>>> print(open('target33.json').read())   # JSON, C-alpha atoms
[["chain", "number", "residue", "atom", "x", "y", "z"],
["Y", 21, "MET", "CA", 35.64, 1.19, 35.89],
["Y", 22, "THR", "CA", 37.82, 3.86, 37.52],
["Y", 23, "ALA", "CA", 40.84, 1.54, 37.50],
["Y", 24, "VAL", "CA", 40.30, 0.78, 33.80],
["Y", 25, "THR", "CA", 39.97, 4.47, 32.91],
["Y", 26, "THR", "CA", 43.11, 5.32, 34.89],
["Y", 27, "MET", "CA", 45.09, 2.60, 33.10],
["Y", 28, "ILE", "CA", 43.83, 3.74, 29.70],
["Y", 29, "GLU", "CA", 44.83, 7.35, 30.35],
["Y", 30, "ARG", "CA", 48.22, 6.27, 31.66],
["Y", 31, "ASN", "CA", 48.97, 4.00, 28.66],
["Y", 32, "ILE", "CA", 47.95, 6.65, 26.13],
["Y", 33, "LYS", "CA", 50.22, 9.24, 27.77],
["Y", 34, "VAL", "CA", 53.14, 6.80, 27.96],
["Y", 35, "PHE", "CA", 52.80, 5.80, 24.29],
["Y", 36, "PHE", "CA", 52.63, 9.28, 22.79],
["Y", 37, "ARG", "CA", 55.40, 10.50, 25.08],
["Y", 38, "ASN", "CA", 57.78, 7.95, 23.54],
["Y", 39, "ARG", "CA", 58.41, 9.17, 19.99],
["Y", 40, "ALA", "CA", 60.52, 6.12, 19.15],
["Y", 41, "SER", "CA", 57.59, 3.81, 19.94],
["Y", 42, "VAL", "CA", 55.30, 5.87, 17.73],
["Y", 43, "PHE", "CA", 57.82, 5.80, 14.87],
["Y", 44, "PHE", "CA", 58.53, 2.07, 15.01],
["Y", 45, "SER", "CA", 54.83, 1.24, 15.26],
["Y", 46, "LEU", "CA", 54.45, 2.98, 11.88],
["Y", 47, "LEU", "CA", 57.62, 1.53, 10.33],
["Y", 48, "SER", "CA", 55.90, -1.25, 8.36],
["Y", 49, "MET", "CA", 53.53, 1.29, 6.86],
["Y", 50, "LEU", "CA", 56.42, 3.59, 5.90],
["Y", 51, "ILE", "CA", 58.28, 0.70, 4.24],
["Y", 52, "ILE", "CA", 55.19, -0.22, 2.22],
["Y", 53, "ILE", "CA", 54.71, 3.39, 1.09],
["Y", 54, "MET", "CA", 58.36, 3.56, 0.03],
["Y", 55, "LEU", "CA", 58.10, 0.32, -1.97],
["Y", 56, "TYR", "CA", 54.86, 1.52, -3.52],
["Y", 57, "ALA", "CA", 56.38, 4.84, -4.54],
["Y", 58, "LEU", "CA", 59.49, 3.18, -5.98],
["Y", 59, "PHE", "CA", 57.96, 0.42, -8.10],
["Y", 60, "LEU", "CA", 54.88, -1.42, -6.77],
["Y", 61, "GLY", "CA", 52.52, 1.38, -7.80],
["Y", 62, "ASP", "CA", 53.78, 1.49, -11.39],
["Y", 63, "LEU", "CA", 53.65, -2.31, -11.67],
["Y", 64, "ASN", "CA", 50.00, -2.36, -10.61],
["Y", 65, "VAL", "CA", 49.12, 0.47, -12.99],
["Y", 66, "GLN", "CA", 50.77, -1.36, -15.89],
["Y", 67, "SER", "CA", 48.96, -4.57, -14.96],
["Y", 68, "ILE", "CA", 45.56, -2.87, -15.15],
["Y", 69, "GLN", "CA", 46.44, -1.03, -18.36],
["Y", 70, "ALA", "CA", 47.26, -4.37, -19.98],
["Y", 71, "THR", "CA", 43.65, -5.42, -19.31],
["Y", 72, "THR", "CA", 41.61, -2.24, -19.76],
["Y", 73, "GLY", "CA", 43.86, -0.02, -21.84],
["Y", 74, "ASP", "CA", 44.89, 3.46, -20.74],
["Y", 75, "VAL", "CA", 41.50, 4.48, -19.32],
["Y", 76, "GLU", "CA", 40.97, 7.31, -16.86],
["Y", 77, "GLY", "CA", 41.09, 6.51, -13.14],
["Y", 78, "ILE", "CA", 43.69, 3.72, -13.06],
["Y", 79, "ARG", "CA", 46.05, 5.58, -10.73],
["Y", 80, "TRP", "CA", 43.10, 6.40, -8.47],
["Y", 81, "LEU", "CA", 42.15, 2.72, -8.34],
["Y", 82, "VAL", "CA", 45.69, 1.61, -7.51],
["Y", 83, "ASP", "CA", 46.09, 4.31, -4.86],
["Y", 84, "THR", "CA", 42.86, 3.33, -3.10],
["Y", 85, "TRP", "CA", 43.83, -0.36, -3.29],
["Y", 86, "ILE", "CA", 47.20, 0.17, -1.62],
["Y", 87, "MET", "CA", 45.89, 2.62, 0.97],
["Y", 88, "ALA", "CA", 43.15, 0.19, 2.02],
["Y", 89, "GLY", "CA", 45.84, -2.40, 2.72],
["Y", 90, "ILE", "CA", 47.94, 0.12, 4.64],
["Y", 91, "LEU", "CA", 45.03, 0.90, 6.96],
["Y", 92, "VAL", "CA", 44.80, -2.78, 7.92],
["Y", 93, "VAL", "CA", 48.58, -3.01, 8.36],
["Y", 94, "ASN", "CA", 48.37, -0.06, 10.76],
["Y", 95, "SER", "CA", 45.62, -1.74, 12.76],
["Y", 96, "VAL", "CA", 48.08, -4.51, 13.64],
["Y", 97, "THR", "CA", 51.47, -2.80, 13.86],
["Y", 98, "VAL", "CA", 50.34, 0.18, 15.94],
["Y", 99, "SER", "CA", 48.81, -2.21, 18.46],
["Y", 100, "MET", "CA", 52.13, -4.02, 18.70],
["Y", 101, "GLY", "CA", 53.83, -0.73, 19.52],
["Y", 102, "VAL", "CA", 51.29, 0.11, 22.22],
["Y", 103, "PHE", "CA", 51.67, -3.27, 23.89],
["Y", 104, "GLY", "CA", 55.35, -2.53, 24.30],
["Y", 105, "ILE", "CA", 54.11, -0.67, 27.39],
["Y", 106, "MET", "CA", 52.86, -3.94, 28.87],
["Y", 107, "VAL", "CA", 56.17, -5.68, 28.19],
["Y", 108, "GLN", "CA", 57.99, -2.82, 29.92],
["Y", 109, "ASP", "CA", 55.59, -3.14, 32.83],
["Y", 110, "ARG", "CA", 56.45, -6.84, 33.03],
["Y", 111, "GLU", "CA", 60.20, -6.19, 32.90],
["Y", 112, "GLU", "CA", 60.02, -3.52, 35.60],
["Y", 113, "LYS", "CA", 57.67, -5.63, 37.80],
["Y", 114, "ARG", "CA", 54.75, -3.22, 37.49],
["Y", 115, "LEU", "CA", 52.58, -5.87, 35.84],
["Y", 116, "GLN", "CA", 53.24, -8.18, 38.78],
["Y", 117, "ALA", "CA", 51.97, -5.46, 41.11],
["Y", 118, "PHE", "CA", 48.85, -5.05, 38.97],
["Y", 119, "LEU", "CA", 48.14, -8.79, 39.03],
["Y", 120, "VAL", "CA", 48.31, -9.05, 42.84],
["Y", 121, "SER", "CA", 46.25, -5.89, 43.37],
["Y", 122, "PRO", "CA", 42.50, -5.99, 44.14],
["Y", 123, "VAL", "CA", 41.81, -5.10, 40.50],
["Y", 124, "SER", "CA", 40.58, -8.15, 38.59],
["Y", 125, "ARG", "CA", 42.64, -9.59, 35.77],
["Y", 126, "GLY", "CA", 39.73, -8.97, 33.44],
["Y", 127, "ARG", "CA", 39.94, -5.23, 34.13],
["Y", 128, "ILE", "CA", 43.71, -5.26, 33.67],
["Y", 129, "VAL", "CA", 43.21, -6.90, 30.27],
["Y", 130, "LEU", "CA", 40.49, -4.36, 29.45],
["Y", 131, "GLY", "CA", 42.78, -1.45, 30.36],
["Y", 132, "TYR", "CA", 45.58, -2.60, 28.08],
["Y", 133, "VAL", "CA", 43.29, -3.63, 25.22],
["Y", 134, "LEU", "CA", 41.12, -0.51, 25.25],
["Y", 135, "SER", "CA", 44.14, 1.81, 25.33],
["Y", 136, "ALA", "CA", 45.67, -0.07, 22.37],
["Y", 137, "TRP", "CA", 42.33, 0.02, 20.54],
["Y", 138, "ILE", "CA", 41.90, 3.76, 21.11],
["Y", 139, "ILE", "CA", 45.47, 4.58, 20.06],
["Y", 140, "GLY", "CA", 45.22, 2.24, 17.07],
["Y", 141, "ALA", "CA", 41.95, 3.85, 15.98],
["Y", 142, "ILE", "CA", 43.42, 7.36, 16.33],
["Y", 143, "MET", "CA", 46.60, 6.55, 14.41],
["Y", 144, "THR", "CA", 44.75, 4.64, 11.68],
["Y", 145, "THR", "CA", 42.19, 7.42, 11.28],
["Y", 146, "ILE", "CA", 45.02, 9.94, 10.87],
["Y", 147, "THR", "CA", 46.53, 7.59, 8.28],
["Y", 148, "PHE", "CA", 43.16, 7.47, 6.50],
["Y", 149, "LEU", "CA", 43.03, 11.27, 6.29],
["Y", 150, "ALA", "CA", 46.60, 11.36, 4.99],
["Y", 151, "ALA", "CA", 45.69, 8.66, 2.46],
["Y", 152, "ILE", "CA", 42.78, 10.77, 1.18],
["Y", 153, "ALA", "CA", 45.11, 13.74, 0.73],
["Y", 154, "TYR", "CA", 47.57, 11.53, -1.18],
["Y", 155, "ILE", "CA", 44.82, 10.09, -3.39],
["Y", 156, "VAL", "CA", 43.43, 13.54, -4.22],
["Y", 157, "ALA", "CA", 46.93, 14.84, -4.99],
["Y", 158, "GLY", "CA", 47.30, 11.94, -7.45],
["Y", 159, "GLY", "CA", 44.10, 12.83, -9.29],
["Y", 160, "GLY", "CA", 41.62, 10.77, -7.28],
["Y", 161, "GLU", "CA", 38.45, 11.87, -5.54],
["Y", 162, "VAL", "CA", 37.40, 12.34, -1.93],
["Y", 163, "PRO", "CA", 35.06, 9.53, -0.79],
["Y", 164, "ASP", "CA", 31.49, 10.56, -0.07],
["Y", 165, "ALA", "CA", 30.21, 10.72, 3.52],
["Y", 166, "PHE", "CA", 28.63, 7.25, 3.43],
["Y", 167, "THR", "CA", 31.80, 5.62, 2.09],
["Y", 168, "ALA", "CA", 33.93, 7.47, 4.66],
["Y", 169, "ALA", "CA", 31.61, 6.29, 7.46],
["Y", 170, "ARG", "CA", 31.88, 2.68, 6.27],
["Y", 171, "ILE", "CA", 35.68, 2.95, 6.13],
["Y", 172, "PHE", "CA", 35.76, 4.38, 9.66],
["Y", 173, "GLY", "CA", 33.58, 1.51, 10.90],
["Y", 174, "LEU", "CA", 35.95, -0.99, 9.29],
["Y", 175, "ILE", "CA", 38.91, 0.82, 10.89],
["Y", 176, "LEU", "CA", 37.36, 0.32, 14.33],
["Y", 177, "LEU", "CA", 36.62, -3.35, 13.67],
["Y", 178, "ASN", "CA", 40.03, -4.09, 12.15],
["Y", 179, "VAL", "CA", 41.81, -2.35, 15.02],
["Y", 180, "PHE", "CA", 39.75, -4.37, 17.51],
["Y", 181, "SER", "CA", 40.59, -7.66, 15.81],
["Y", 182, "GLY", "CA", 44.27, -6.77, 15.37],
["Y", 183, "THR", "CA", 44.58, -5.47, 18.93],
["Y", 184, "CYS", "CA", 43.17, -8.63, 20.50],
["Y", 185, "PHE", "CA", 45.35, -10.88, 18.34],
["Y", 186, "VAL", "CA", 48.51, -8.92, 19.12],
["Y", 187, "PHE", "CA", 47.64, -8.80, 22.82],
["Y", 188, "PHE", "CA", 47.46, -12.59, 22.88],
["Y", 189, "LEU", "CA", 50.90, -12.84, 21.25],
["Y", 190, "VAL", "CA", 52.46, -10.23, 23.53],
["Y", 191, "ASN", "CA", 51.46, -12.24, 26.59],
["Y", 192, "PHE", "CA", 54.31, -14.60, 25.63],
["Y", 193, "ALA", "CA", 56.92, -11.84, 25.13],
["Y", 194, "ARG", "CA", 59.04, -11.83, 28.28],
["Y", 195, "SER", "CA", 61.31, -8.95, 27.29],
["Y", 196, "SER", "CA", 61.59, -5.95, 24.98],
["Y", 197, "ASN", "CA", 64.04, -7.92, 22.81],
["Y", 198, "ALA", "CA", 61.49, -10.70, 22.38],
["Y", 199, "LEU", "CA", 58.83, -8.14, 21.52],
["Y", 200, "GLY", "CA", 61.16, -6.55, 18.96],
["Y", 201, "ALA", "CA", 61.73, -9.90, 17.25],
["Y", 202, "MET", "CA", 58.00, -10.59, 17.30],
["Y", 203, "ALA", "CA", 57.26, -7.15, 15.81],
["Y", 204, "THR", "CA", 59.81, -7.71, 13.02],
["Y", 205, "ILE", "CA", 58.27, -11.05, 12.04],
["Y", 206, "LEU", "CA", 54.70, -9.75, 12.25],
["Y", 207, "GLY", "CA", 55.54, -6.55, 10.37],
["Y", 208, "THR", "CA", 57.05, -8.59, 7.53],
["Y", 209, "MET", "CA", 54.22, -11.12, 7.36],
["Y", 210, "ILE", "CA", 51.40, -8.59, 7.44],
["Y", 211, "GLY", "CA", 52.44, -7.14, 4.07],
["Y", 212, "PHE", "CA", 52.10, -10.59, 2.51],
["Y", 213, "VAL", "CA", 48.84, -11.72, 4.15],
["Y", 214, "THR", "CA", 47.18, -8.45, 3.13],
["Y", 215, "GLY", "CA", 48.34, -8.97, -0.45],
["Y", 216, "ILE", "CA", 50.30, -5.72, -0.65],
["Y", 217, "TYR", "CA", 53.66, -7.13, -1.75],
["Y", 218, "ILE", "CA", 52.14, -9.82, -3.98],
["Y", 219, "PRO", "CA", 48.42, -9.83, -4.91],
["Y", 220, "ILE", "CA", 46.68, -12.76, -3.23],
["Y", 221, "GLY", "CA", 45.20, -13.99, -6.51],
["Y", 222, "VAL", "CA", 48.62, -14.80, -8.01],
["Y", 223, "LEU", "CA", 49.81, -16.84, -5.01],
["Y", 224, "PRO", "CA", 49.74, -20.68, -5.10],
["Y", 225, "GLU", "CA", 46.38, -22.15, -4.13],
["Y", 226, "GLY", "CA", 47.69, -23.55, -0.85],
["Y", 227, "VAL", "CA", 49.11, -20.19, 0.20],
["Y", 228, "GLN", "CA", 45.85, -18.46, -0.73],
["Y", 229, "THR", "CA", 43.95, -20.89, 1.48],
["Y", 230, "PHE", "CA", 46.33, -20.16, 4.37],
["Y", 231, "THR", "CA", 45.89, -16.39, 4.05],
["Y", 232, "LYS", "CA", 42.11, -16.81, 4.16],
["Y", 233, "LEU", "CA", 42.46, -18.31, 7.64],
["Y", 234, "ILE", "CA", 43.97, -15.04, 8.90],
["Y", 235, "PRO", "CA", 41.47, -12.37, 10.09],
["Y", 236, "ALA", "CA", 43.56, -9.49, 8.68],
["Y", 237, "THR", "CA", 43.03, -10.89, 5.17],
["Y", 238, "HIS", "CA", 39.26, -10.66, 5.64],
["Y", 239, "GLY", "CA", 39.65, -7.13, 6.98],
["Y", 240, "THR", "CA", 41.74, -6.11, 3.98],
["Y", 241, "THR", "CA", 39.21, -7.54, 1.54],
["Y", 242, "LEU", "CA", 36.36, -5.62, 3.17],
["Y", 243, "MET", "CA", 38.38, -2.41, 3.29],
["Y", 244, "ARG", "CA", 39.33, -2.70, -0.38],
["Y", 245, "GLN", "CA", 35.76, -3.39, -1.45],
["Y", 246, "VAL", "CA", 34.63, -0.11, 0.08],
["Y", 247, "PHE", "CA", 37.72, 2.00, -0.65],
["Y", 248, "THR", "CA", 38.09, 1.05, -4.33],
["Y", 249, "GLN", "CA", 34.42, 0.95, -5.34],
["Y", 250, "ALA", "CA", 34.13, 4.41, -6.90],
["Y", 251, "ALA", "CA", 37.47, 4.15, -8.72],
["Y", 252, "ALA", "CA", 36.69, 0.63, -9.96],
["Y", 253, "ASP", "CA", 33.30, 1.76, -11.28],
["Y", 254, "LYS", "CA", 35.10, 4.40, -13.34],
["Y", 255, "VAL", "CA", 37.93, 2.18, -14.62],
["Y", 256, "PHE", "CA", 35.73, -0.79, -15.57],
["Y", 257, "ALA", "CA", 32.73, 1.23, -16.81],
["Y", 258, "GLY", "CA", 33.14, -0.03, -20.37],
["Y", 259, "ALA", "CA", 34.62, -3.45, -19.60],
["Y", 260, "PRO", "CA", 32.79, -6.79, -19.45],
["Y", 261, "GLN", "CA", 31.70, -7.87, -15.95],
["Y", 262, "ALA", "CA", 33.97, -10.92, -16.22],
["Y", 263, "VAL", "CA", 37.02, -8.66, -16.57],
["Y", 264, "ARG", "CA", 36.08, -6.74, -13.42],
["Y", 265, "GLU", "CA", 35.44, -9.94, -11.47],
["Y", 266, "ALA", "CA", 38.76, -11.46, -12.55],
["Y", 267, "PHE", "CA", 40.62, -8.31, -11.47],
["Y", 268, "PHE", "CA", 38.83, -8.22, -8.11],
["Y", 269, "LYS", "CA", 39.71, -11.87, -7.47],
["Y", 270, "GLU", "CA", 43.38, -11.45, -8.40],
["Y", 271, "MET", "CA", 43.84, -8.28, -6.35],
["Y", 272, "GLY", "CA", 42.07, -9.58, -3.25],
["Y", 273, "ILE", "CA", 39.11, -7.21, -3.50],
["Y", 274, "THR", "CA", 36.81, -10.22, -3.55],
["Y", 275, "MET", "CA", 37.55, -13.33, -1.50],
["Y", 276, "TYR", "CA", 36.59, -16.77, -2.82],
["Y", 277, "TRP", "CA", 36.22, -20.03, -0.93],
["Y", 278, "GLY", "CA", 35.48, -23.22, -2.81],
["Y", 279, "GLY", "CA", 34.85, -21.28, -6.00],
["Y", 280, "SER", "CA", 32.22, -19.00, -4.46],
["Y", 281, "PRO", "CA", 32.63, -15.43, -3.17],
["Y", 282, "VAL", "CA", 32.66, -15.11, 0.62],
["Y", 283, "PRO", "CA", 29.74, -12.92, 1.81],
["Y", 284, "ASP", "CA", 30.59, -9.71, 3.64],
["Y", 285, "TRP", "CA", 28.74, -10.78, 6.78],
["Y", 286, "ILE", "CA", 30.98, -13.82, 7.16],
["Y", 287, "MET", "CA", 34.13, -11.69, 6.89],
["Y", 288, "LEU", "CA", 32.70, -9.25, 9.44],
["Y", 289, "LEU", "CA", 31.94, -12.20, 11.72],
["Y", 290, "VAL", "CA", 35.50, -13.50, 11.33],
["Y", 291, "LEU", "CA", 36.92, -10.13, 12.40],
["Y", 292, "ALA", "CA", 34.63, -9.70, 15.40],
["Y", 293, "GLY", "CA", 34.74, -13.37, 16.42],
["Y", 294, "SER", "CA", 38.52, -13.66, 16.20],
["Y", 295, "GLY", "CA", 38.89, -10.54, 18.33],
["Y", 296, "LEU", "CA", 36.63, -11.93, 21.05],
["Y", 297, "LEU", "CA", 38.38, -15.32, 20.86],
["Y", 298, "PHE", "CA", 41.88, -13.90, 21.35],
["Y", 299, "LEU", "CA", 40.63, -11.54, 24.05],
["Y", 300, "GLY", "CA", 39.20, -14.49, 25.98],
["Y", 301, "LEU", "CA", 42.40, -16.50, 25.53],
["Y", 302, "SER", "CA", 44.43, -13.56, 26.82],
["Y", 303, "VAL", "CA", 42.35, -13.42, 30.00],
["Y", 304, "LEU", "CA", 42.96, -17.15, 30.53],
["Y", 305, "VAL", "CA", 46.72, -16.71, 30.02],
["Y", 306, "LEU", "CA", 46.89, -13.84, 32.52],
["Y", 307, "ARG", "CA", 44.92, -15.82, 35.08],
["Y", 308, "LYS", "CA", 47.59, -18.50, 35.01],
["Y", 309, "LYS", "CA", 50.45, -16.09, 35.55],
["Y", 310, "ARG", "CA", 52.03, -16.13, 38.96],
["Y", 311, "ASP", "CA", 55.07, -13.96, 38.39]]
>>> encode(input="target33.json", output="structure tokens")
Amino acid sequence: MTAVTTMIERNIKVFFRNRASVFFSLLSMLIIIMLYALFLGDLNVQSIQATTGDVEGIRWLVDTWIMAGILVVNSVTVSMGVFGIMVQDREEKRLQAFLVSPVSRGRIVLGYVLSAWIIGAIMTTITFLAAIAYIVAGGGEVPDAFTAARIFGLILLNVFSGTCFVFFLVNFARSSNALGAMATILGTMIGFVTGIYIPIGVLPEGVQTFTKLIPATHGTTLMRQVFTQAAADKVFAGAPQAVREAFFKEMGITMYWGGSPVPDWIMLLVLAGSGLLFLGLSVLVLRKKRD
């Protein structure tokens, strides 16, 4: 494992040394925050007020809802930024040297993936702490220790799933320009599949079905269930259960398939299973590379 550890340390140093890479890996998150501050936040607040009236805790609920989505966005976009190192290695023929070295391709994959997972977890955890500060500044409350632990566990799982998916895609990026185009497309799409720009429940049925096939959607649903629970309990304390359920369905806090809610264990399995699937496919792709 010495070779893996060495590669992890090297990739982490290279990433944080390049401030531009760090910035652009967070760009999608910054765009979402800007849109939220300008108008998305107020629109969501008004939507809830139309249902529940001007009850206490609405801003807290909306803040936790958007921040949960941002954490999942980070789990994908930060990984894309980290894997820019691999594309650079390919362009400068370092990856070729790695592939012909005595180190197995499996360990090379492990080195890249673990470094991206570690960096993604660090950056997303920092984002989580910043999100808590923002929520408290807006009148919300700090999550209790159990809720924070659950959120951290979901961060690790979402980053794992996102990292493995992005790694599979990056295997087909032959240049930094190709990676940039890929990052632009993925950064745009992730805001839609996580239901940040438009709540999943108001999308056409066919589009909703498509988003449910994407692991990040499952990760966002799980994150929102945990992150918004305390705020939702406060906002919907005096409302009928049907009103709460309808709101959860529209805002993507509960996922439905065939008219029935999808159990948490299935969504957890989708995240873990998709990560392992794309990790295995990446190993197969690297084994076939000769250049």
>>> atom_distance(input="target33.json", atom1="atom CA of Y:Ala141", atom2="atom CA of Y:Asn178")
9.0 Å
>>> closest_residue(input="target33.json", among="Y:Val24, Y:Met54, Y:Leu174, Y:Ala157", to="Y:Ser95", atoms="only C-alpha atoms")
Y:Leu174
>>> residues_around(input="target33.json", residues="Y:Ser294", least_positions_apart="3", cutoff="12 Å", atoms="only C-alpha atoms", output="list in words")
Leu177, Asn178, Val179, Phe180, Ser181, Gly182, Thr183, Cys184, Phe185, Val186, Phe188, Leu233, Ile234, Pro235, Ala236, His238, Gly239, Ile286, Met287, Leu288, Leu289, Val290, Leu291, Leu297, Phe298, Leu299, Gly300 and Leu301 of chain Y
>>> residues_around(input="target33.json", residues="Y:Lys269", least_positions_apart="3", cutoff="12 Å", atoms="only C-alpha atoms", output="ChimeraX atom specification")
/Y:215,219-223,228,241,244-245,262-266,272-277,279-282
>>> residues_near_point(input="target33.json", point="(48.5, -5.6, -13.4)", cutoff="12 Å", atoms="only C-alpha atoms", output="VMD selection string")
chain Y and resid 60 to 73 78 to 79 81 to 82 218 to 219 221 to 222 266 to 268 270 to 271
>>> residues_near_point(input="target33.json", point="(33.7, 3.0, -1.2)", cutoff="8 Å", atoms="all atoms listed in the file", output="compact mmCIF listing (two decimals) with C-alpha atoms, in the frame of the given file")
# COMPACT_ATOMS: atom_id res chain seq x y z
CA PRO Y 163 35.06 9.53 -0.79
CA ASP Y 164 31.49 10.56 -0.07
CA THR Y 167 31.80 5.62 2.09
CA ALA Y 168 33.93 7.47 4.66
CA ARG Y 170 31.88 2.68 6.27
CA ILE Y 171 35.68 2.95 6.13
CA GLN Y 245 35.76 -3.39 -1.45
CA VAL Y 246 34.63 -0.11 0.08
CA PHE Y 247 37.72 2.00 -0.65
CA THR Y 248 38.09 1.05 -4.33
CA GLN Y 249 34.42 0.95 -5.34
CA ALA Y 250 34.13 4.41 -6.90
>>> closest_residue(input="target33.json", among="Y:Met27, Y:Val75, Y:Ile142, Y:Leu306", to="Y:Phe187", atoms="only C-alpha atoms")
Y:Leu306
>>> atom_distance(input="target33.json", atom1="atom CA of Y:Trp137", atom2="atom CA of Y:Leu55")
27.5 Å
>>> residues_around(input="target33.json", residues="Y:Thr26", least_positions_apart="2", cutoff="12 Å", atoms="only C-alpha atoms", output="JSON, numbers by chain")
{"Y": [21, 22, 23, 24, 28, 29, 30, 31, 32, 33, 123, 127, 128, 130, 131, 132, 134, 135]}
>>> residues_around(input="target33.json", residues="Y:Val107", least_positions_apart="5", cutoff="7 Å", atoms="only C-alpha atoms", output="VMD selection string")
chain Y and resid 193 to 196
